[in-house]
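A.B. asks: So that you have it, the file is coords-v8.cif, and it contains mmCIF, C-alpha atoms:
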```
data_entry
loop_
_atom_site.label_atom_id
_atom_site.label_comp_id
_atom_site.auth_asym_id
_atom_site.auth_seq_id
_atom_site.Cartn_x
_atom_site.Cartn_y
_atom_site.Cartn_z
CA ILE A 9 116.23 134.02 88.22
CA PHE A 10 116.19 136.45 91.13
CA LEU A 11 119.09 138.58 89.84
CA LYS A 12 117.69 138.88 86.32
CA GLY A 13 114.02 139.11 87.36
CA PHE A 14 114.29 141.63 90.20
CA PRO A 15 114.95 144.67 87.97
CA ALA A 16 111.73 143.90 86.04
CA LEU A 17 109.61 144.14 89.20
CA ASN A 18 107.99 147.54 89.32
CA LEU A 19 104.60 149.09 89.86
CA ASP A 20 103.92 149.40 86.13
CA MET A 21 104.19 145.64 85.76
CA LEU A 22 101.46 145.11 88.38
CA ILE A 23 98.96 147.81 87.43
CA LYS A 24 99.09 147.82 83.62
CA THR A 25 97.46 145.44 81.17
CA PRO A 26 99.60 143.54 78.62
CA LYS A 27 100.22 145.37 75.39
CA GLY A 28 101.16 142.59 73.01
CA GLY A 29 104.26 140.93 74.30
CA TYR A 30 105.26 141.93 77.81
CA TYR A 31 106.82 138.52 78.32
CA ILE A 32 109.06 138.94 75.28
CA GLY A 33 110.41 142.32 76.35
CA LYS A 34 107.68 144.72 75.27
CA GLU A 35 105.46 147.05 77.32
CA GLY A 36 102.57 146.22 79.58
CA GLY A 37 101.92 144.32 82.76
CA ILE A 38 100.21 141.36 84.37
CA LEU A 39 97.06 143.02 85.73
CA ASN A 40 94.78 140.76 83.66
CA ALA A 41 96.28 137.62 85.19
CA ILE A 42 95.99 138.97 88.73
CA LEU A 43 92.38 140.14 88.33
CA GLY A 44 91.42 136.96 86.46
CA SER A 45 92.74 134.78 89.28
CA ILE A 46 90.94 136.82 91.93
CA VAL A 47 87.60 136.84 90.08
CA LEU A 48 87.87 133.15 89.21
CA GLY A 49 88.78 132.18 92.77
CA THR A 50 86.04 134.33 94.32
CA GLY A 51 83.32 133.05 92.02
CA ALA A 52 84.40 129.44 92.51
CA THR A 53 84.41 129.92 96.28
CA PHE A 54 80.83 131.22 96.24
CA LEU A 55 79.71 128.28 94.09
CA ALA A 56 81.47 125.88 96.46
CA ILE A 57 79.77 127.46 99.49
CA VAL A 58 76.38 126.94 97.86
CA VAL A 59 77.12 123.21 97.50
CA SER A 60 79.25 122.52 100.59
CA LEU A 61 77.27 124.17 103.35
CA PRO A 62 73.98 122.33 102.75
CA LEU A 63 75.86 119.07 102.15
CA VAL A 64 77.69 119.30 105.45
CA PHE A 65 74.60 120.25 107.44
CA TYR A 66 72.71 117.39 105.83
CA LEU A 67 75.46 114.91 106.73
CA ASN A 68 75.67 116.08 110.33
CA LEU A 69 72.02 116.77 111.19
CA TYR A 70 69.81 114.73 108.89
CA VAL A 71 71.68 111.52 108.02
CA GLY A 72 71.62 110.33 111.61
CA LYS A 73 71.69 106.53 111.80
CA LYS A 74 72.63 106.01 108.14
CA LEU A 75 76.32 105.97 108.93
CA TRP A 76 77.25 104.03 105.80
CA PHE A 77 75.96 106.86 103.59
CA ALA A 78 77.86 109.52 105.52
CA PHE A 79 80.99 107.35 105.50
CA LEU A 80 80.72 106.88 101.74
CA VAL A 81 80.25 110.61 101.05
CA ARG A 82 83.20 111.51 103.30
CA PHE A 83 85.35 108.85 101.65
CA PHE A 84 84.67 110.18 98.15
CA LEU A 85 85.30 113.75 99.29
CA ASP A 86 88.66 112.64 100.70
CA VAL A 87 89.52 110.93 97.41
CA LEU A 88 88.53 114.02 95.41
CA TRP A 89 90.63 116.19 97.73
CA GLY A 90 93.75 114.41 96.48
CA VAL A 91 93.14 115.05 92.78
CA THR A 92 95.56 117.61 91.36
CA SER A 93 94.37 120.89 89.88
CA ILE A 94 95.64 120.11 86.39
CA VAL A 95 93.35 117.06 86.28
CA TYR A 96 90.38 119.26 87.23
CA GLY A 97 91.41 121.74 84.53
CA ALA A 98 91.63 119.01 81.89
CA PHE A 99 88.29 117.59 83.05
CA GLY A 100 86.62 120.99 82.78
CA PHE A 101 88.10 121.58 79.33
CA THR A 102 86.89 118.15 78.20
CA LEU A 103 83.38 118.89 79.46
CA MET A 104 83.36 122.25 77.65
CA ILE A 105 84.33 120.53 74.39
CA PHE A 106 81.77 117.75 74.94
CA PHE A 107 78.91 120.19 75.50
CA GLY A 108 80.08 122.51 72.72
CA LEU A 109 80.76 125.43 75.08
CA ARG A 110 83.36 128.09 74.61
CA ALA A 111 85.97 128.83 77.21
CA SER A 112 84.34 131.27 79.62
CA LEU A 113 84.67 132.65 83.11
CA LEU A 114 81.63 130.69 84.30
CA ALA A 115 83.06 127.41 83.00
CA GLY A 116 86.33 128.20 84.79
CA MET A 117 84.47 128.98 88.02
CA ILE A 118 82.58 125.70 87.83
CA THR A 119 85.80 123.78 87.19
CA VAL A 120 87.65 125.41 90.08
CA SER A 121 84.67 124.99 92.38
CA LEU A 122 84.67 121.25 91.66
CA GLY A 123 88.24 121.24 92.91
CA ILE A 124 87.59 123.15 96.12
CA ILE A 125 84.27 121.59 97.13
CA PRO A 126 86.00 118.57 98.73
CA ILE A 127 88.35 120.79 100.73
CA MET A 128 85.60 123.11 101.91
CA SER A 129 83.17 120.29 102.68
CA ARG A 130 85.58 118.18 104.67
CA SER A 131 86.88 121.17 106.62
CA MET A 132 83.36 122.28 107.50
CA ASP A 133 82.43 118.69 108.32
CA GLU A 134 85.23 118.43 110.87
CA VAL A 135 84.13 121.73 112.41
CA LEU A 136 80.54 120.54 112.76
CA LYS A 137 81.67 117.23 114.26
CA MET A 138 83.26 119.18 117.11
CA ILE A 139 79.95 120.79 118.13
CA PRO A 140 78.82 119.07 121.36
CA LEU A 141 75.87 116.71 120.98
CA GLU A 142 74.37 118.20 124.12
CA LEU A 143 73.97 121.55 122.37
CA LYS A 144 71.89 119.94 119.63
CA GLU A 145 69.85 117.95 122.14
CA ALA A 146 69.17 121.04 124.24
CA SER A 147 67.88 122.85 121.17
CA PHE A 148 65.63 119.92 120.29
CA ALA A 149 64.41 119.71 123.89
CA LEU A 150 63.30 123.33 123.71
CA GLY A 151 61.09 122.49 120.73
CA SER A 152 63.29 123.64 117.86
CA THR A 153 63.10 121.90 114.51
CA ARG A 154 66.20 120.52 112.79
CA LEU A 155 66.32 123.53 110.49
CA GLU A 156 66.05 125.99 113.38
CA THR A 157 68.74 124.08 115.25
CA ALA A 158 70.99 124.13 112.21
CA VAL A 159 70.57 127.84 111.49
CA LYS A 160 70.24 129.38 114.94
CA VAL A 161 72.39 127.13 117.11
CA ILE A 162 74.85 125.02 115.14
CA PHE A 163 75.70 127.60 112.47
CA ARG A 164 76.41 130.29 115.06
CA GLN A 165 78.60 127.95 117.07
CA ALA A 166 80.53 126.78 114.00
CA LEU A 167 80.82 130.15 112.20
CA PRO A 168 84.52 130.80 112.96
CA GLY A 169 85.46 127.32 111.72
CA ILE A 170 83.25 127.69 108.65
CA ILE A 171 84.95 130.99 107.78
CA THR A 172 88.33 129.30 108.17
CA ALA A 173 87.24 126.49 105.83
CA ILE A 174 86.09 129.07 103.28
CA LEU A 175 89.42 130.90 103.45
CA ILE A 176 91.39 127.66 103.05
CA ALA A 177 89.29 126.74 100.02
CA PHE A 178 89.67 130.25 98.58
CA GLY A 179 93.45 129.94 98.85
CA ARG A 180 93.34 126.65 96.97
CA GLY A 181 90.99 128.22 94.40
CA ILE A 182 93.41 131.06 93.71
CA GLY A 183 96.22 128.54 93.31
CA ASP A 184 94.16 126.33 91.01
CA ALA A 185 93.08 129.26 88.87
CA ALA A 186 96.39 129.10 87.00
CA ALA A 187 95.68 125.54 85.83
CA VAL A 188 92.27 126.58 84.54
CA LEU A 189 93.41 129.85 82.97
#
```
Starting from the file, give its structure as structure tokens.

C.D. replies:
Amino acid sequence: IFLKGFPALNLDMLIKTPKGGYYIGKEGGILNAILGSIVLGTGATFLAIVVSLPLVFYLNLYVGKKLWFAFLVRFFLDVLWGVTSIVYGAFGFTLMIFFGLRASLLAGMITVSLGIIPIMSRSMDEVLKMIPLELKEASFALGSTRLETAVKVIFRQALPGIITAILIAFGRGIGDAAAVL
């Protein structure tokens, strides 16, 4: 594969769009596939952030004594983390057929985001678990509300870990884009 494929690698292959049969020896390139994966992965990552960040802050700051609920949510996120991307792709395609939708970029973003929400949520959850309890208590003792504590204290402390979780999920989203495309 390497010996026969290496001569085909050139700049034209990467920066040109397909022109009706690149894969069967004709002209063109794979720019559409590269850009499609990047756009799909980026959009899915933003959708996953919108769901994961509030979920994780709710689990860590608001659930409190209801440990069974937090345990159940974390358990289901762990189970969903293990589902392969092809299953998410088939699930998304089935939902599109059920609702009578056409294949679209938004439907692909939603499907991929369903696959990366468990990864992003659990990674962010572990980051927030490492924040010292004393930091939260000190913020509460100074008269801050839970929302102010979450935004001004906890979020700032956890920002590097949250960015890492987003990057890990983005990497998985780019990889899963092929199953959805």

A.B. asks: Could you list, as a ChimeraX atom specification, every residue matched by the PyMOL selection byres ((chain A and resi 92) around 12) in this structure?

C.D. replies: /A:87-91,93-99,120,122-124,180-181,183-184,187-188

A.B. asks: Run the PyMOL selection byres ((chain A and resi 160-164) around 8) on the file and write out the hits as a PDB file with C-alpha atoms, keeping the file's coordinate frame.

C.D. replies:
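Contents of selection_19.pdb, as written:
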```pdb
ATOM      1  CA  LEU A 136      80.540 120.540 112.760  1.00  0.00           C
ATOM      2  CA  ILE A 139      79.950 120.790 118.130  1.00  0.00           C
ATOM      3  CA  LEU A 143      73.970 121.550 122.370  1.00  0.00           C
ATOM      4  CA  LYS A 144      71.890 119.940 119.630  1.00  0.00           C
ATOM      5  CA  SER A 147      67.880 122.850 121.170  1.00  0.00           C
ATOM      6  CA  GLU A 156      66.050 125.990 113.380  1.00  0.00           C
ATOM      7  CA  THR A 157      68.740 124.080 115.250  1.00  0.00           C
ATOM      8  CA  ALA A 158      70.990 124.130 112.210  1.00  0.00           C
ATOM      9  CA  VAL A 159      70.570 127.840 111.490  1.00  0.00           C
ATOM     10  CA  GLN A 165      78.600 127.950 117.070  1.00  0.00           C
ATOM     11  CA  ALA A 166      80.530 126.780 114.000  1.00  0.00           C
ATOM     12  CA  LEU A 167      80.820 130.150 112.200  1.00  0.00           C
TER      13      LEU A 167
END
```

A.B. asks: How many Å separate atom CA of Gly36 of chain A from atom CA of Ile23 of chain A?

C.D. replies: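 Calculated distance between atom CA of Gly36 of chain A and atom CA of Ile23 of chain A is 8.8 Å.
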
A.B. asks: Translate the PyMOL selection byres ((chain A and resi 51-64) around 7), as applied to the file shown, into an explicit residue set as a PyMOL selection string.

C.D. replies: chain A and resi 47-50+65-68+117-118+120-121+124-125+128-129+132-133+177-178+181

A.B. asks: Write out the residues from the selection above, keeping C-alpha atoms, as a PDB file, in the frame of the given file.

C.D. replies:
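Below is the file again-v1.pdb, written as the result:
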```pdb
ATOM      1  CA  VAL A  47      87.600 136.840  90.080  1.00  0.00           C
ATOM      2  CA  LEU A  48      87.870 133.150  89.210  1.00  0.00           C
ATOM      3  CA  GLY A  49      88.780 132.180  92.770  1.00  0.00           C
ATOM      4  CA  THR A  50      86.040 134.330  94.320  1.00  0.00           C
ATOM      5  CA  PHE A  65      74.600 120.250 107.440  1.00  0.00           C
ATOM      6  CA  TYR A  66      72.710 117.390 105.830  1.00  0.00           C
ATOM      7  CA  LEU A  67      75.460 114.910 106.730  1.00  0.00           C
ATOM      8  CA  ASN A  68      75.670 116.080 110.330  1.00  0.00           C
ATOM      9  CA  MET A 117      84.470 128.980  88.020  1.00  0.00           C
ATOM     10  CA  ILE A 118      82.580 125.700  87.830  1.00  0.00           C
ATOM     11  CA  VAL A 120      87.650 125.410  90.080  1.00  0.00           C
ATOM     12  CA  SER A 121      84.670 124.990  92.380  1.00  0.00           C
ATOM     13  CA  ILE A 124      87.590 123.150  96.120  1.00  0.00           C
ATOM     14  CA  ILE A 125      84.270 121.590  97.130  1.00  0.00           C
ATOM     15  CA  MET A 128      85.600 123.110 101.910  1.00  0.00           C
ATOM     16  CA  SER A 129      83.170 120.290 102.680  1.00  0.00           C
ATOM     17  CA  MET A 132      83.360 122.280 107.500  1.00  0.00           C
ATOM     18  CA  ASP A 133      82.430 118.690 108.320  1.00  0.00           C
ATOM     19  CA  ALA A 177      89.290 126.740 100.020  1.00  0.00           C
ATOM     20  CA  PHE A 178      89.670 130.250  98.580  1.00  0.00           C
ATOM     21  CA  GLY A 181      90.990 128.220  94.400  1.00  0.00           C
TER      22      GLY A 181
END
```

A.B. asks: A:Leu155, A:Ile127, A:Met138, A:Leu17: which is nearest Ile174 of chain A, counting all atoms listed in the file?

C.D. replies: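 Looking at the shortest contact to Ile174 of chain A, the residue is A:Ile127.
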
A.B. asks: One decimal, in Å: what's the spacing between atom CA of Ile182 of chain A and atom CA of Lys27 of chain A?

C.D. replies: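 That distance, rounded to one decimal, is 24.2 Å.
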
A.B. asks: What does the distance between atom CA of Phe14 of chain A and atom CA of Asn40 of chain A come to in Å, to one decimal place?

C.D. replies: 20.6 Å

A.B. asks: Select, from A:Thr25, A:Thr119, A:Asn18, A:Thr102, the residue with the minimum atom-to-atom distance to Leu43 of chain A, counting only C-alpha atoms.

C.D. replies: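 For Leu43 of chain A, the nearest of the candidates is A:Thr25.
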
A.B. asks: So that I can see what lies close to segment 110-116 of chain A, please list as a PyMOL selection string the residues with an atom at most 8 Å from it, counting all atoms listed in the file and leaving out residues fewer than 5 positions away in the same chain.

C.D. replies: chain A and resi 48+100-101+104-105+185+188-189

A.B. asks: Work out where the centre of an axis-aligned box around every listed atom of segment 151-167 of chain A lies and how long its edges are once 3 Å is added on each side; give both in Å to one decimal as JSON.

C.D. replies:
```
{"center_x": 71.0, "center_y": 125.4, "center_z": 115.6, "size_x": 25.7, "size_y": 15.8, "size_z": 16.2}
```

A.B. asks: Under the rule that all atoms listed in the file are counted, which of A:Ser131, A:Ser45, A:Leu103, A:Glu145 is the nearest residue to Asp86 of chain A?

C.D. replies: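 Under the stated criterion, the closest residue is A:Ser131.
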
A.B. asks: Which residue, A:Glu142, A:Arg154, A:Arg82, A:Lys24, has the smallest gap to Leu69 of chain A when you use all atoms listed in the file?

C.D. replies: A:Arg154

A.B. asks: Can you give me N, CA, C and O atoms for segment 40-63 of chain A, written as an mmCIF file, keeping the file's coordinate frame?

C.D. replies:
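Final file, result_7.cif:
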```cif
data_model
loop_
_atom_site.group_PDB
_atom_site.id
_atom_site.type_symbol
_atom_site.label_atom_id
_atom_site.label_comp_id
_atom_site.auth_asym_id
_atom_site.auth_seq_id
_atom_site.Cartn_x
_atom_site.Cartn_y
_atom_site.Cartn_z
ATOM 1 N N ASN A 40 95.834 141.687 84.079
ATOM 2 C CA ASN A 40 94.780 140.760 83.660
ATOM 3 C C ASN A 40 94.896 139.421 84.369
ATOM 4 O O ASN A 40 93.885 138.840 84.774
ATOM 5 N N ALA A 41 96.098 138.914 84.520
ATOM 6 C CA ALA A 41 96.280 137.620 85.190
ATOM 7 C C ALA A 41 95.930 137.712 86.669
ATOM 8 O O ALA A 41 95.314 136.794 87.225
ATOM 9 N N ILE A 42 96.291 138.809 87.309
ATOM 10 C CA ILE A 42 95.990 138.970 88.730
ATOM 11 C C ILE A 42 94.475 139.081 88.948
ATOM 12 O O ILE A 42 93.902 138.382 89.781
ATOM 13 N N LEU A 43 93.826 139.963 88.190
ATOM 14 C CA LEU A 43 92.380 140.140 88.330
ATOM 15 C C LEU A 43 91.611 138.877 87.927
ATOM 16 O O LEU A 43 90.613 138.511 88.560
ATOM 17 N N GLY A 44 92.071 138.196 86.886
ATOM 18 C CA GLY A 44 91.420 136.960 86.460
ATOM 19 C C GLY A 44 91.479 135.893 87.541
ATOM 20 O O GLY A 44 90.482 135.198 87.794
ATOM 21 N N SER A 45 92.619 135.763 88.198
ATOM 22 C CA SER A 45 92.740 134.780 89.280
ATOM 23 C C SER A 45 91.843 135.127 90.452
ATOM 24 O O SER A 45 91.200 134.254 91.042
ATOM 25 N N ILE A 46 91.766 136.408 90.796
ATOM 26 C CA ILE A 46 90.940 136.820 91.930
ATOM 27 C C ILE A 46 89.453 136.605 91.629
ATOM 28 O O ILE A 46 88.716 136.060 92.450
ATOM 29 N N VAL A 47 89.013 137.008 90.444
ATOM 30 C CA VAL A 47 87.600 136.840 90.080
ATOM 31 C C VAL A 47 87.248 135.362 89.974
ATOM 32 O O VAL A 47 86.203 134.926 90.466
ATOM 33 N N LEU A 48 88.112 134.582 89.356
ATOM 34 C CA LEU A 48 87.870 133.150 89.210
ATOM 35 C C LEU A 48 87.821 132.455 90.565
ATOM 36 O O LEU A 48 86.920 131.658 90.842
ATOM 37 N N GLY A 49 88.762 132.778 91.443
ATOM 38 C CA GLY A 49 88.780 132.180 92.770
ATOM 39 C C GLY A 49 87.592 132.588 93.623
ATOM 40 O O GLY A 49 87.013 131.765 94.341
ATOM 41 N N THR A 50 87.187 133.855 93.541
ATOM 42 C CA THR A 50 86.040 134.330 94.320
ATOM 43 C C THR A 50 84.739 133.693 93.853
ATOM 44 O O THR A 50 83.938 133.221 94.659
ATOM 45 N N GLY A 51 84.534 133.663 92.549
ATOM 46 C CA GLY A 51 83.320 133.050 92.020
ATOM 47 C C GLY A 51 83.244 131.563 92.329
ATOM 48 O O GLY A 51 82.183 131.036 92.687
ATOM 49 N N ALA A 52 84.374 130.874 92.202
ATOM 50 C CA ALA A 52 84.400 129.440 92.510
ATOM 51 C C ALA A 52 84.146 129.193 93.990
ATOM 52 O O ALA A 52 83.476 128.220 94.356
ATOM 53 N N THR A 53 84.642 130.076 94.844
ATOM 54 C CA THR A 53 84.410 129.920 96.280
ATOM 55 C C THR A 53 82.928 130.086 96.608
ATOM 56 O O THR A 53 82.384 129.312 97.404
ATOM 57 N N PHE A 54 82.263 131.053 95.997
ATOM 58 C CA PHE A 54 80.830 131.220 96.240
ATOM 59 C C PHE A 54 80.027 130.021 95.736
ATOM 60 O O PHE A 54 79.092 129.569 96.399
ATOM 61 N N LEU A 55 80.389 129.478 94.581
ATOM 62 C CA LEU A 55 79.710 128.280 94.090
ATOM 63 C C LEU A 55 79.942 127.091 95.025
ATOM 64 O O LEU A 55 79.031 126.300 95.278
ATOM 65 N N ALA A 56 81.159 126.983 95.544
ATOM 66 C CA ALA A 56 81.470 125.880 96.460
ATOM 67 C C ALA A 56 80.720 126.020 97.782
ATOM 68 O O ALA A 56 80.302 125.021 98.367
ATOM 69 N N ILE A 57 80.533 127.249 98.256
ATOM 70 C CA ILE A 57 79.770 127.460 99.490
ATOM 71 C C ILE A 57 78.330 126.999 99.296
ATOM 72 O O ILE A 57 77.750 126.364 100.181
ATOM 73 N N VAL A 58 77.761 127.312 98.137
ATOM 74 C CA VAL A 58 76.380 126.940 97.860
ATOM 75 C C VAL A 58 76.195 125.415 97.886
ATOM 76 O O VAL A 58 75.149 124.922 98.291
ATOM 77 N N VAL A 59 77.212 124.672 97.496
ATOM 78 C CA VAL A 59 77.120 123.210 97.500
ATOM 79 C C VAL A 59 77.553 122.629 98.844
ATOM 80 O O VAL A 59 76.902 121.735 99.386
ATOM 81 N N SER A 60 78.642 123.135 99.406
ATOM 82 C CA SER A 60 79.250 122.520 100.590
ATOM 83 C C SER A 60 78.450 122.715 101.861
ATOM 84 O O SER A 60 78.303 121.768 102.647
ATOM 85 N N LEU A 61 77.963 123.903 102.096
ATOM 86 C CA LEU A 61 77.270 124.170 103.350
ATOM 87 C C LEU A 61 76.021 123.310 103.537
ATOM 88 O O LEU A 61 75.879 122.660 104.587
ATOM 89 N N PRO A 62 75.119 123.225 102.558
ATOM 90 C CA PRO A 62 73.980 122.330 102.750
ATOM 91 C C PRO A 62 74.379 120.858 102.861
ATOM 92 O O PRO A 62 73.788 120.100 103.632
ATOM 93 N N LEU A 63 75.393 120.449 102.096
ATOM 94 C CA LEU A 63 75.860 119.070 102.150
ATOM 95 C C LEU A 63 76.347 118.703 103.546
ATOM 96 O O LEU A 63 75.982 117.663 104.105
#
```
